[in-house]
$ cat work-v2.txt   # compact mmCIF, C-alpha atoms and all ligand atoms
# COMPACT_ATOMS: atom_id res chain seq x y z
CA MET A 29 12.70 -18.32 28.03
CA GLN A 30 10.51 -15.92 26.03
CA GLU A 31 10.23 -16.71 22.31
CA LEU A 32 11.57 -13.31 21.30
CA ASP A 33 14.57 -13.63 23.64
CA ALA A 34 15.31 -17.16 22.47
CA LEU A 35 15.17 -16.23 18.79
CA GLN A 36 17.29 -13.13 19.33
CA ALA A 37 19.92 -15.13 21.24
CA ALA A 38 19.97 -17.88 18.61
CA LEU A 39 20.22 -15.34 15.78
CA ASN A 40 23.08 -13.48 17.47
CA LYS A 41 24.92 -16.76 18.07
CA ALA A 42 24.41 -17.85 14.47
CA LEU A 43 25.62 -14.50 13.06
CA ASP A 44 28.70 -14.53 15.33
CA THR A 45 29.48 -18.03 14.12
CA ILE A 46 29.12 -17.05 10.46
CA ARG A 47 31.52 -14.15 11.04
CA GLU A 48 34.05 -16.44 12.73
CA GLU A 49 33.80 -19.11 10.05
CA LEU A 50 34.28 -16.55 7.27
CA SER A 51 37.43 -15.42 8.99
CA ILE A 52 38.70 -18.99 9.67
CA GLN A 53 38.16 -19.92 6.02
CA GLY A 54 39.66 -16.66 4.70
CA LEU A 55 36.42 -15.77 2.91
CA PRO A 56 35.40 -12.19 2.00
CA GLU A 57 32.82 -10.29 4.05
CA LEU A 58 29.18 -10.68 3.04
CA SER A 59 27.71 -7.78 1.07
CA SER A 60 24.39 -7.37 -0.70
CA THR A 61 25.92 -4.73 -3.01
CA ALA A 62 29.09 -6.59 -4.04
CA GLU A 63 29.57 -6.88 -7.80
CA GLU A 64 31.38 -10.22 -7.51
CA GLN A 65 29.57 -13.38 -6.51
CA HIS A 66 30.49 -14.44 -2.97
CA PRO A 67 32.00 -17.95 -2.76
CA LEU A 68 29.16 -18.95 -0.38
CA ASP A 69 26.62 -18.26 -3.14
CA ASP A 70 28.37 -20.65 -5.52
CA PRO A 71 26.27 -23.85 -5.52
CA THR A 72 29.46 -25.92 -5.76
CA PHE A 73 30.95 -24.38 -2.59
CA LEU A 74 31.33 -26.92 0.21
CA SER A 75 30.63 -25.24 3.55
CA SER A 76 32.16 -26.43 6.77
CA PRO A 77 29.44 -28.15 8.84
CA ARG A 78 29.63 -25.30 11.38
CA LEU A 79 29.12 -22.62 8.74
CA PHE A 80 26.37 -24.62 7.02
CA GLU A 81 24.46 -25.03 10.27
CA ALA A 82 25.02 -21.41 11.35
CA ARG A 83 23.53 -20.14 8.07
CA ARG A 84 20.60 -22.51 8.38
CA LEU A 85 20.00 -21.38 11.93
CA ALA A 86 20.27 -17.66 11.09
CA LEU A 87 17.80 -17.93 8.20
CA SER A 88 15.43 -19.97 10.31
CA CYS A 89 15.54 -17.37 13.12
CA VAL A 90 14.88 -14.55 10.64
CA GLY A 91 11.86 -16.47 9.32
CA GLN A 92 10.55 -17.22 12.81
CA LEU A 93 11.02 -13.59 13.84
CA HIS A 94 9.15 -12.53 10.72
CA ASN A 95 6.25 -14.81 11.63
CA LEU A 96 6.30 -13.56 15.20
CA LEU A 97 6.38 -9.86 14.36
CA GLN A 98 4.32 -9.54 11.19
CA VAL A 99 0.66 -8.54 11.53
CA PRO A 100 -1.44 -11.54 10.34
CA TYR A 101 -3.51 -9.30 8.05
CA GLU A 102 -0.37 -8.22 6.17
CA LYS A 103 0.59 -11.86 5.75
CA VAL A 104 -2.82 -12.63 4.25
CA VAL A 105 -2.55 -9.71 1.79
CA GLU A 106 1.00 -10.67 0.84
CA GLN A 107 -0.12 -14.23 0.22
CA SER A 108 -3.06 -13.22 -1.94
CA PHE A 109 -0.76 -10.94 -3.96
CA ALA A 110 2.00 -13.59 -4.15
CA VAL A 111 1.24 -14.10 -7.82
CA TYR A 112 2.72 -10.65 -8.46
CA ASP A 113 6.18 -11.94 -7.52
CA THR A 114 6.14 -14.23 -10.54
CA ALA A 115 4.33 -11.75 -12.78
CA CYS A 116 6.77 -8.92 -12.04
CA LEU A 117 9.82 -11.13 -12.45
CA ASN A 118 8.41 -12.33 -15.74
CA ILE A 119 7.98 -8.74 -16.93
CA VAL A 120 11.50 -7.77 -15.90
CA VAL A 121 13.02 -10.71 -17.78
CA ASN A 122 10.81 -10.67 -20.89
CA THR A 123 10.89 -6.92 -21.55
CA GLY A 124 14.68 -6.78 -21.38
CA ILE A 125 14.76 -4.66 -18.21
CA LEU A 126 17.02 -7.23 -16.56
CA ASP A 127 19.53 -7.17 -19.45
CA ARG A 128 19.64 -3.38 -19.43
CA LEU A 129 20.19 -3.27 -15.69
CA ALA A 130 22.93 -5.87 -16.03
CA GLU A 131 24.70 -3.49 -18.45
CA SER A 132 24.25 -0.50 -16.15
CA SER A 133 22.74 -0.72 -12.68
CA THR A 134 22.54 3.08 -12.41
CA LEU A 135 20.02 3.55 -15.26
CA SER A 136 17.12 5.77 -14.22
CA VAL A 137 13.54 4.58 -14.64
CA SER A 138 12.91 7.20 -17.32
CA ALA A 139 16.05 6.21 -19.29
CA LEU A 140 15.12 2.54 -18.97
CA SER A 141 11.54 3.16 -20.07
CA LYS A 142 12.66 5.26 -23.03
CA ALA A 143 15.23 2.69 -24.15
CA LEU A 144 12.73 -0.18 -24.01
CA ASP A 145 9.65 1.79 -25.06
CA LEU A 146 7.85 0.98 -21.82
CA HIS A 147 5.62 3.08 -19.62
CA PRO A 148 7.67 4.72 -16.82
CA VAL A 149 4.99 4.36 -14.13
CA LYS A 150 4.62 0.67 -14.86
CA VAL A 151 8.36 0.12 -14.85
CA ALA A 152 8.69 1.99 -11.55
CA THR A 153 5.81 0.07 -9.94
CA VAL A 154 7.17 -3.32 -10.98
CA LEU A 155 10.75 -2.53 -10.00
CA ARG A 156 9.72 -1.07 -6.69
CA TYR A 157 7.77 -4.20 -5.85
CA LEU A 158 10.64 -6.45 -6.83
CA ALA A 159 13.00 -4.27 -4.83
CA THR A 160 11.16 -5.27 -1.64
CA GLN A 161 12.13 -8.78 -1.76
CA GLU A 162 3.42 -6.41 -19.58
CA PHE A 163 4.11 -4.81 -20.49
CA LYS A 164 3.52 -2.22 -23.15
CA LEU A 165 -0.22 -1.86 -22.87
CA SER A 166 -2.71 0.96 -22.88
CA THR A 167 -2.85 3.37 -19.96
CA LEU A 168 -6.65 3.53 -20.23
CA SER A 169 -8.50 2.44 -17.11
CA VAL A 170 -10.59 -0.05 -19.11
CA LYS A 171 -7.68 -1.69 -20.92
CA THR A 172 -5.85 -3.32 -18.09
CA ALA A 173 -4.75 -6.80 -17.09
CA PHE A 174 -8.15 -7.08 -15.38
CA GLN A 175 -10.06 -6.77 -18.69
CA LEU A 176 -7.70 -9.22 -20.37
CA SER A 177 -8.00 -11.84 -17.64
CA HIS A 178 -11.80 -11.47 -17.32
CA ASP A 179 -12.37 -11.17 -21.05
CA THR A 180 -14.48 -8.07 -20.56
CA VAL A 181 -14.58 -4.46 -21.67
CA LEU A 182 -16.09 -3.36 -18.35
CA SER A 183 -14.22 -1.47 -15.66
CA LEU A 184 -13.91 -3.34 -12.36
CA PHE A 185 -16.75 -1.27 -10.87
CA ASP A 186 -19.08 -1.90 -13.84
CA TYR A 187 -18.14 -5.58 -13.79
CA LEU A 188 -18.94 -5.83 -10.06
CA LYS A 189 -22.30 -4.19 -10.67
CA CYS A 190 -23.21 -7.20 -12.86
CA HIS A 191 -21.75 -9.72 -10.37
CA PRO A 192 -23.36 -8.98 -6.98
CA SER A 193 -21.71 -11.84 -5.07
CA GLU A 194 -18.27 -10.70 -6.26
CA LEU A 195 -19.19 -7.12 -5.34
CA GLU A 196 -20.01 -8.25 -1.81
CA GLN A 197 -16.73 -10.15 -1.54
CA TRP A 198 -14.70 -7.28 -3.01
CA SER A 199 -16.21 -4.67 -0.75
CA LYS A 200 -15.51 -6.88 2.29
CA SER A 201 -11.85 -7.07 1.28
CA VAL A 202 -11.70 -3.26 0.92
CA ARG A 203 -13.31 -2.94 4.31
CA SER A 204 -10.64 -5.11 5.92
CA LEU A 205 -7.95 -3.04 4.21
CA GLY A 206 -9.37 -0.01 5.98
CA THR A 207 -9.71 -1.81 9.30
CA ALA A 208 -6.02 -2.75 9.22
CA SER A 209 -4.90 0.85 9.72
CA GLU A 210 -8.03 2.48 11.13
CA MET A 211 -6.97 2.88 14.75
CA ALA A 212 -3.76 4.63 13.73
CA LEU A 213 -5.74 6.85 11.35
CA ILE A 214 -8.17 7.82 14.08
CA ASN A 215 -5.34 8.45 16.53
CA ASP A 216 -2.87 10.31 14.29
CA TYR A 217 -5.08 13.04 12.80
CA PRO A 218 -6.60 15.95 14.78
CA TRP A 219 -10.17 15.06 13.81
CA GLU A 220 -11.69 17.22 16.56
CA SER A 221 -10.41 20.31 14.75
CA LEU A 222 -13.00 19.60 12.01
CA GLU A 223 -16.06 19.85 14.26
CA PRO A 224 -18.87 20.79 13.92
CA GLY A 225 -20.20 20.30 10.43
CA VAL A 226 -21.13 17.96 7.62
CA PHE A 227 -18.61 15.33 6.58
CA VAL A 228 -19.08 13.64 3.18
CA ASP A 229 -17.43 10.22 2.83
CA CYS A 230 -17.03 10.15 -0.98
CA GLY A 231 -17.04 6.56 -2.30
CA GLY A 232 -17.45 5.53 1.34
CA GLY A 233 -17.99 1.80 0.64
CA HIS A 234 -19.17 0.01 3.79
CA GLY A 235 -19.11 3.35 5.63
CA GLN A 236 -16.62 2.06 8.18
CA LEU A 237 -14.60 5.28 8.40
CA SER A 238 -17.74 7.33 9.04
CA ILE A 239 -18.96 4.82 11.63
CA LEU A 240 -15.72 5.11 13.59
CA LEU A 241 -15.54 8.90 13.32
CA SER A 242 -19.18 9.35 14.28
CA ARG A 243 -18.31 7.93 17.71
CA LYS A 244 -15.52 10.49 18.10
CA LEU A 245 -17.13 13.59 16.56
CA LYS A 246 -20.50 13.95 18.24
CA ASN A 247 -21.45 17.25 16.56
CA THR A 248 -20.88 16.15 12.99
CA ILE A 249 -23.27 14.71 10.43
CA PHE A 250 -21.76 12.00 8.24
CA VAL A 251 -22.97 11.39 4.70
CA ILE A 252 -21.75 8.14 3.15
CA GLN A 253 -21.97 8.24 -0.64
CA ASP A 254 -21.29 5.44 -3.09
CA LEU A 255 -22.63 3.86 -6.28
CA PRO A 256 -26.30 2.70 -6.15
CA GLU A 257 -25.36 -0.99 -6.11
CA VAL A 258 -23.14 -0.48 -3.04
CA ILE A 259 -25.80 1.37 -1.02
CA PRO A 260 -27.64 -1.77 0.25
CA ILE A 261 -24.29 -3.16 1.48
CA ALA A 262 -23.45 0.11 3.23
CA GLU A 263 -26.95 0.38 4.73
CA LYS A 264 -26.81 -3.13 6.14
CA ASN A 265 -23.42 -2.47 7.71
CA VAL A 266 -24.19 0.97 9.10
CA ARG A 267 -27.62 0.02 10.45
CA HIS A 268 -26.16 -3.05 12.11
CA ASP A 269 -23.52 -0.99 13.95
CA CYS A 270 -25.23 2.37 14.46
CA ALA A 271 -29.01 2.11 14.04
CA ASP A 272 -29.45 4.89 16.64
CA LEU A 273 -27.25 7.34 14.71
CA CYS A 274 -29.19 6.60 11.52
CA GLU A 275 -32.46 7.35 13.35
CA GLN A 276 -31.01 10.62 14.65
CA GLY A 277 -29.97 11.61 11.12
CA ARG A 278 -26.28 11.73 12.08
CA LEU A 279 -25.38 8.99 9.61
CA ILE A 280 -26.88 9.32 6.14
CA ILE A 281 -26.31 6.87 3.29
CA GLU A 282 -27.02 7.95 -0.27
CA ALA A 283 -26.19 7.09 -3.86
CA HIS A 284 -23.92 9.53 -5.65
CA ASP A 285 -21.58 9.05 -8.60
CA PHE A 286 -18.52 11.22 -8.02
CA PHE A 287 -18.22 11.78 -11.77
CA GLN A 288 -21.33 13.94 -11.37
CA VAL A 289 -21.46 17.28 -9.56
CA GLN A 290 -21.50 16.84 -5.77
CA PRO A 291 -24.97 17.75 -4.42
CA ARG A 292 -23.90 18.34 -0.78
CA LYS A 293 -22.38 21.43 0.77
CA ALA A 294 -20.05 20.22 3.49
CA GLU A 295 -17.20 21.23 5.77
CA VAL A 296 -15.21 18.10 4.92
CA TYR A 297 -15.03 15.83 1.88
CA VAL A 298 -13.00 12.72 2.52
CA PHE A 299 -11.62 10.37 -0.12
CA ARG A 300 -10.20 7.24 1.41
CA TYR A 301 -8.62 4.76 -1.03
CA ILE A 302 -10.45 6.45 -3.91
CA LEU A 303 -7.91 8.40 -5.94
CA HIS A 304 -5.50 5.44 -6.21
CA ASN A 305 -8.18 3.73 -8.35
CA TRP A 306 -8.14 6.47 -10.96
CA SER A 307 -5.87 8.18 -13.52
CA ASN A 308 -4.77 11.80 -13.00
CA LEU A 309 -7.43 13.02 -15.43
CA ASN A 310 -10.18 11.13 -13.65
CA CYS A 311 -8.96 12.36 -10.27
CA VAL A 312 -9.10 15.95 -11.48
CA THR A 313 -12.70 15.40 -12.65
CA ILE A 314 -13.69 13.83 -9.32
CA LEU A 315 -12.12 16.64 -7.30
CA LYS A 316 -13.53 19.40 -9.55
CA ASN A 317 -17.02 17.91 -9.32
CA THR A 318 -16.72 17.99 -5.56
CA ALA A 319 -15.15 21.46 -5.44
CA ARG A 320 -18.21 22.89 -7.20
CA ALA A 321 -20.30 22.22 -4.09
CA ALA A 322 -17.62 23.17 -1.57
CA HIS A 323 -17.45 26.53 0.19
CA PRO A 324 -14.15 28.40 0.74
CA GLN A 325 -13.61 26.86 4.18
CA SER A 326 -14.38 23.28 3.10
CA ARG A 327 -11.53 20.81 3.43
CA PHE A 328 -10.64 17.87 1.23
CA LEU A 329 -9.04 14.97 3.08
CA ILE A 330 -7.27 12.43 0.91
CA ILE A 331 -6.31 9.22 2.67
CA GLU A 332 -3.99 6.87 0.78
CA PHE A 333 -0.90 4.76 1.33
CA ILE A 334 2.09 6.88 0.37
CA PRO A 335 4.86 4.55 -0.78
CA GLN A 336 8.36 5.48 0.30
CA ARG A 337 11.28 5.35 -2.08
CA SER A 338 13.26 2.16 -2.05
CA GLY A 339 17.04 2.13 -1.84
CA PHE A 340 19.36 3.41 0.81
CA THR A 341 20.43 6.86 1.77
CA THR A 342 22.31 8.79 4.39
CA LYS A 343 20.50 10.38 7.32
CA GLU A 344 21.26 13.79 5.82
CA GLN A 345 19.54 12.93 2.54
CA ASN A 346 16.60 11.46 4.38
CA GLY A 347 16.09 14.70 6.28
CA ILE A 348 14.69 13.03 9.40
CA ASP A 349 16.96 11.69 12.04
CA SER A 350 15.26 9.63 14.69
CA ALA A 351 16.38 6.48 16.47
CA LEU A 352 14.26 3.99 18.40
CA ASP A 353 15.32 5.47 21.74
CA ASP A 354 13.94 8.86 20.68
CA PHE A 355 10.45 7.35 20.85
CA ILE A 356 10.49 6.50 24.54
CA GLY A 357 7.26 7.92 26.01
CA VAL A 358 6.28 9.59 22.71
CA THR A 359 2.61 9.23 21.64
CA GLU A 360 2.66 11.30 18.45
CA TYR A 361 3.75 9.32 15.41
CA ARG A 362 6.83 10.19 13.39
CA PRO A 363 8.89 7.82 11.30
CA LEU A 364 12.08 6.12 12.38
CA THR A 365 15.18 6.86 10.29
CA PRO A 366 16.23 3.52 8.79
CA PRO A 367 19.62 2.54 10.22
CA PRO A 368 22.48 1.52 7.87
CA PHE A 369 21.64 -1.34 5.47
CA VAL A 370 17.91 -1.05 6.18
CA PRO A 371 16.14 0.24 3.02
CA LEU A 372 14.35 3.59 3.15
CA ASN A 373 11.00 1.86 2.75
CA PHE A 374 11.96 -0.82 5.30
CA GLY A 375 12.32 -3.41 2.51
CA SER A 376 10.25 -6.52 3.03
CA ASN A 377 8.01 -4.60 5.41
CA ALA A 378 6.87 -2.50 2.43
CA LYS A 379 5.88 -5.54 0.42
CA MET A 380 2.16 -5.34 1.08
CA HIS A 381 1.89 -1.70 0.03
CA SER A 382 4.11 -2.18 -3.02
CA ALA A 383 1.95 -5.15 -4.01
CA LEU A 384 -1.09 -2.87 -3.73
CA GLY A 385 0.62 -0.57 -6.26
CA VAL A 386 1.03 -3.47 -8.67
CA HIS A 387 -2.60 -4.44 -8.04
CA MET A 388 -3.84 -0.90 -8.82
CA MET A 389 -1.85 -0.97 -12.03
CA GLY A 390 -3.20 -4.40 -13.04
CA VAL A 391 -6.82 -3.57 -12.29
CA PHE A 392 -7.15 0.16 -12.99
CA ASN A 393 -3.99 1.31 -14.79
CA ALA A 394 -3.68 3.56 -11.75
CA ALA A 395 -1.00 3.69 -9.08
CA GLU A 396 -0.20 4.55 -5.51
CA ARG A 397 0.98 8.18 -5.55
CA TYR A 398 4.27 9.51 -4.22
CA LEU A 399 5.02 12.69 -2.33
CA VAL A 400 8.50 13.04 -3.84
CA ASN A 401 9.47 12.71 -7.52
CA PRO A 402 6.18 11.15 -8.47
CA PRO A 403 6.32 9.17 -11.73
CA ARG A 404 2.84 9.67 -13.23
CA MET A 405 0.64 7.92 -15.74
CA GLU A 406 0.19 10.11 -18.79
CA ASP A 407 -3.46 10.70 -19.58
C1 LIG B 1 -11.34 1.13 -2.72
S1 LIG B 1 -12.99 1.41 -2.30
C2 LIG B 1 -12.87 2.50 -0.91
C3 LIG B 1 -14.07 2.45 -0.01
C4 LIG B 1 -14.02 3.34 1.23
N1 LIG B 1 -13.70 4.72 0.90
C5 LIG B 1 -13.06 2.80 2.27
O1 LIG B 1 -12.06 3.45 2.56
O2 LIG B 1 -13.31 1.70 2.79
C6 LIG B 1 -13.53 2.47 -3.61
C7 LIG B 1 -14.99 2.83 -3.49
O3 LIG B 1 -15.30 3.76 -4.54
C8 LIG B 1 -16.60 3.45 -4.99
N2 LIG B 1 -16.80 4.02 -6.32
C9 LIG B 1 -16.29 3.61 -7.50
N3 LIG B 1 -16.70 4.38 -8.51
C10 LIG B 1 -17.51 5.32 -7.96
C11 LIG B 1 -18.24 6.41 -8.47
N4 LIG B 1 -18.21 6.70 -9.79
N5 LIG B 1 -18.94 7.19 -7.62
C12 LIG B 1 -18.97 6.90 -6.29
N6 LIG B 1 -18.30 5.87 -5.73
C13 LIG B 1 -17.57 5.10 -6.55
C14 LIG B 1 -16.63 1.95 -4.97
O4 LIG B 1 -17.94 1.41 -5.04
C15 LIG B 1 -15.91 1.66 -3.66
O5 LIG B 1 -16.80 1.59 -2.59
$ encode --input "work-v2.txt" --output "structure tokens" --more "lines below"
Ligand SMILES: C[S@@+](CC[C@H](N)C(=O)[O-])C[C@H]1O[C@@H](n2cnc3c(N)ncnc32)[C@H](O)[C@@H]1O
Amino acid sequence: MQELDALQAALNKALDTIREELSIQGLPELSSTAEEQHPLDDPTFLSSPRLFEARRLALSCVGQLHNLLQVPYEKVVEQSFAVYDTACLNIVVNTGILDRLAESSTLSVSALSKALDLHPVKVATVLRYLATQEFKLSTLSVKTAFQLSHDTVLSLFDYLKCHPSELEQWSKSVRSLGTASEMALINDYPWESLEPGVFVDCGGGHGQLSILLSRKLKNTIFVIQDLPEVIPIAEKNVRHDCADLCEQGRLIIEAHDFFQVQPRKAEVYVFRYILHNWSNLNCVTILKNTARAAHPQSRFLIIEFIPQRSGFTTKEQNGIDSALDDFIGVTEYRPLTPPPFVPLNFGSNAKMHSALGVHMMGVFNAAERYLVNPPRMED
């Protein structure tokens, strides 16, 4: 029997058994939104052996299915961000958020932040992360948890400049973050519509996005820009993969600080995983500096993870109604409407991206940005 079939069959059997046992023992239905504690959650409750084993089996199947279905890269990121589980719980308890929510579970983030004198973006980021499974501090990008933990006044980028081996390690981890969703990115956007022209990869890091696109867009020149200390890393990577394109002048690597005016006129300026490192004010400066060089037809492409709201909603509120069967034979991506009891952001499946939001807050006092109702850092 296939592993997936076996786990599905065992899970179904276990869930059926739990349902039967609840009925036999006259116990209430299970509900994750019930206000009263379920008797099964009482540590002194003595389960029947059948119910005990059915629960154990169901949870084990869920865990095994998780291992089977989750992309290994996401598991690695989740594990390296696991410390945020404890940190966020600690914040929720110590700041009084938990007590306030116990009094009223319908408090909005802004009401909660006002009542406790906390920053709304930080409260939202922490709660959103905790919903998938300090603190009153400055909102300045150089007064973050990173500076406290490293006992430094330097920003992460300035710190890395002084620590070349850490810079190398950090830029490798950013590169793998890009790799994890690169094929979808290349497939889902009509890149050919941008040809021909000059494409500037602002803060391009290892240059991986430009390398991939240069194979697809044969009439485009790619300029990878980054800080001077990152240029040798980018050059090594690009020359290793595409020495011929460098010789032909189709891939150019150059130092440029995006807080200075952009020197290149181009058809496309792309910012992948850049703006989430910076406050609104900084982002405006970066974009304005680039816009000064742009011509009226130039395009700005901003590539970021867009977190979805947590919580549950009706299909009508969600606005998109698509079921798994609607995707048969479809090649163009569109999102699935979460079925009942599946959170809008797909719950535990959003953990990696929510953890990234916490990470951006801890390192840069920045955040992943939302399309709807965005809570923003004040500058
Ligand atoms: C999160 S990484 C993204 C790298 C790349 N865009 C990618 O998607 O793989 C942010 C990049 O911004 C660069 N960066 C930071 N400050 C910069 C500045 N002032 N000017 C240019 N690049 C900068 C960093 O060196 C780093 O390579």
$ residues_around --input "work-v2.txt" --residues "Val258 (chain A)" --least-positions-apart "2" --cutoff "10 Å" --atoms "all atoms listed in the file" --output "list in words"
Leu188, Lys189, Pro192, Leu195, Glu196, Ser199, Gly231, Gly232, Gly233, His234, Gln253, Asp254, Leu255, Pro256, Pro260, Ile261, Ala262, Glu263, Glu282 and Ala283 of chain A
$ write_last_selection --input "work-v2.txt" --atoms "C-alpha atoms" --output "PDB file, in the coordinates of the input"
ATOM      1  CA  LEU A 188     -18.940  -5.830 -10.060  1.00  0.00           C
ATOM      2  CA  LYS A 189     -22.300  -4.190 -10.670  1.00  0.00           C
ATOM      3  CA  PRO A 192     -23.360  -8.980  -6.980  1.00  0.00           C
ATOM      4  CA  LEU A 195     -19.190  -7.120  -5.340  1.00  0.00           C
ATOM      5  CA  GLU A 196     -20.010  -8.250  -1.810  1.00  0.00           C
ATOM      6  CA  SER A 199     -16.210  -4.670  -0.750  1.00  0.00           C
ATOM      7  CA  GLY A 231     -17.040   6.560  -2.300  1.00  0.00           C
ATOM      8  CA  GLY A 232     -17.450   5.530   1.340  1.00  0.00           C
ATOM      9  CA  GLY A 233     -17.990   1.800   0.640  1.00  0.00           C
ATOM     10  CA  HIS A 234     -19.170   0.010   3.790  1.00  0.00           C
ATOM     11  CA  GLN A 253     -21.970   8.240  -0.640  1.00  0.00           C
ATOM     12  CA  ASP A 254     -21.290   5.440  -3.090  1.00  0.00           C
ATOM     13  CA  LEU A 255     -22.630   3.860  -6.280  1.00  0.00           C
ATOM     14  CA  PRO A 256     -26.300   2.700  -6.150  1.00  0.00           C
ATOM     15  CA  PRO A 260     -27.640  -1.770   0.250  1.00  0.00           C
ATOM     16  CA  ILE A 261     -24.290  -3.160   1.480  1.00  0.00           C
ATOM     17  CA  ALA A 262     -23.450   0.110   3.230  1.00  0.00           C
ATOM     18  CA  GLU A 263     -26.950   0.380   4.730  1.00  0.00           C
ATOM     19  CA  GLU A 282     -27.020   7.950  -0.270  1.00  0.00           C
ATOM     20  CA  ALA A 283     -26.190   7.090  -3.860  1.00  0.00           C
TER      21      ALA A 283
END
$ closest_residue --input "work-v2.txt" --among "A:Ser221, A:Asn377, A:Ser209, A:Gln276" --to "ligand LIG 1 (chain B)" --atoms "all atoms listed in the file"
A:Ser209
$ residues_near_ligand --input "work-v2.txt" --ligand "ligand LIG 1 (chain B)" --cutoff "10 Å" --atoms "all atoms listed in the file" --output "ChimeraX atom specification"
/A:183-186,188-189,195,198-207,210,229-238,252-259,261-262,283-288,298-306,310,314,331-332,388
$ residues_around --input "work-v2.txt" --residues "region 293-295 of chain A" --least-positions-apart "4" --cutoff "12 Å" --atoms "all atoms listed in the file" --output "list in words"
Ser221, Leu222, Glu223, Pro224, Gly225, Val226, Phe227, Val228, Asp229, Cys230, Thr248, Ile249, Phe250, Val251, Val289, Asn317, Thr318, Ala319, Arg320, Ala321, Ala322, His323, Pro324, Gln325, Ser326, Arg327, Phe328 and Leu329 of chain A
$ atom_distance --input "work-v2.txt" --atom1 "CA of Ala110 (chain A)" --atom2 "CA of Asn308 (chain A)"
27.7 Å
$ atom_distance --input "work-v2.txt" --atom1 "CA of Leu168 (chain A)" --atom2 "CA of Ala394 (chain A)"
9.0 Å
$ atom_distance --input "work-v2.txt" --atom1 "CA of Phe174 (chain A)" --atom2 "CA of Met389 (chain A)"
9.4 Å
$ closest_residue --input "work-v2.txt" --among "A:Ile330, A:Leu176, A:Ala351, A:Leu144" --to "Leu126 (chain A)" --atoms "all atoms listed in the file"
A:Leu144
$ residues_around --input "work-v2.txt" --residues "Tyr217 (chain A)" --least-positions-apart "4" --cutoff "10 Å" --atoms "all atoms listed in the file" --output "MDAnalysis selection string"
chainID A and resid 212:213 221 360:361
$ residues_around --input "work-v2.txt" --residues "Arg397 (chain A)" --least-positions-apart "6" --cutoff "10 Å" --atoms "all atoms listed in the file" --output "ChimeraX atom specification"
/A:303-304,332-336,385,403-404
$ closest_residue --input "work-v2.txt" --among "A:Leu117, A:Leu158, A:Asp349, A:His268" --to "Pro363 (chain A)" --atoms "all atoms listed in the file"
A:Asp349
$ closest_residue --input "work-v2.txt" --among "A:Arg128, A:Val154, A:Leu315, A:Gly339" --to "Asp113 (chain A)" --atoms "only C-alpha atoms"
A:Val154
$ residues_around --input "work-v2.txt" --residues "region 64-72 of chain A" --least-positions-apart "4" --cutoff "8 Å" --atoms "all atoms listed in the file" --output "list in words"
Leu55, Pro56 and Leu58 of chain A
$ closest_residue --input "work-v2.txt" --among "A:Leu85, A:Leu155, A:Val99, A:Val370" --to "Ile119 (chain A)" --atoms "all atoms listed in the file"
A:Leu155
$ residues_near_point --input "work-v2.txt" --point "(21.2, -20.9, 6.6)" --cutoff "12 Å" --atoms "all atoms listed in the file" --output "PyMOL selection string"
chain A and resi 39+42-43+45-46+68-69+75+77-91
$ write_last_selection --input "work-v2.txt" --atoms "C-alpha atoms" --output "PDB file, in the frame of the given file"
ATOM      1  CA  LEU A  39      20.220 -15.340  15.780  1.00  0.00           C
ATOM      2  CA  ALA A  42      24.410 -17.850  14.470  1.00  0.00           C
ATOM      3  CA  LEU A  43      25.620 -14.500  13.060  1.00  0.00           C
ATOM      4  CA  THR A  45      29.480 -18.030  14.120  1.00  0.00           C
ATOM      5  CA  ILE A  46      29.120 -17.050  10.460  1.00  0.00           C
ATOM      6  CA  LEU A  68      29.160 -18.950  -0.380  1.00  0.00           C
ATOM      7  CA  ASP A  69      26.620 -18.260  -3.140  1.00  0.00           C
ATOM      8  CA  SER A  75      30.630 -25.240   3.550  1.00  0.00           C
ATOM      9  CA  PRO A  77      29.440 -28.150   8.840  1.00  0.00           C
ATOM     10  CA  ARG A  78      29.630 -25.300  11.380  1.00  0.00           C
ATOM     11  CA  LEU A  79      29.120 -22.620   8.740  1.00  0.00           C
ATOM     12  CA  PHE A  80      26.370 -24.620   7.020  1.00  0.00           C
ATOM     13  CA  GLU A  81      24.460 -25.030  10.270  1.00  0.00           C
ATOM     14  CA  ALA A  82      25.020 -21.410  11.350  1.00  0.00           C
ATOM     15  CA  ARG A  83      23.530 -20.140   8.070  1.00  0.00           C
ATOM     16  CA  ARG A  84      20.600 -22.510   8.380  1.00  0.00           C
ATOM     17  CA  LEU A  85      20.000 -21.380  11.930  1.00  0.00           C
ATOM     18  CA  ALA A  86      20.270 -17.660  11.090  1.00  0.00           C
ATOM     19  CA  LEU A  87      17.800 -17.930   8.200  1.00  0.00           C
ATOM     20  CA  SER A  88      15.430 -19.970  10.310  1.00  0.00           C
ATOM     21  CA  CYS A  89      15.540 -17.370  13.120  1.00  0.00           C
ATOM     22  CA  VAL A  90      14.880 -14.550  10.640  1.00  0.00           C
ATOM     23  CA  GLY A  91      11.860 -16.470   9.320  1.00  0.00           C
TER      24      GLY A  91
END
$ closest_residue --input "work-v2.txt" --among "A:Arg47, A:Lys246, A:Arg337, A:Lys150" --to "Thr123 (chain A)" --atoms "only C-alpha atoms"
A:Lys150
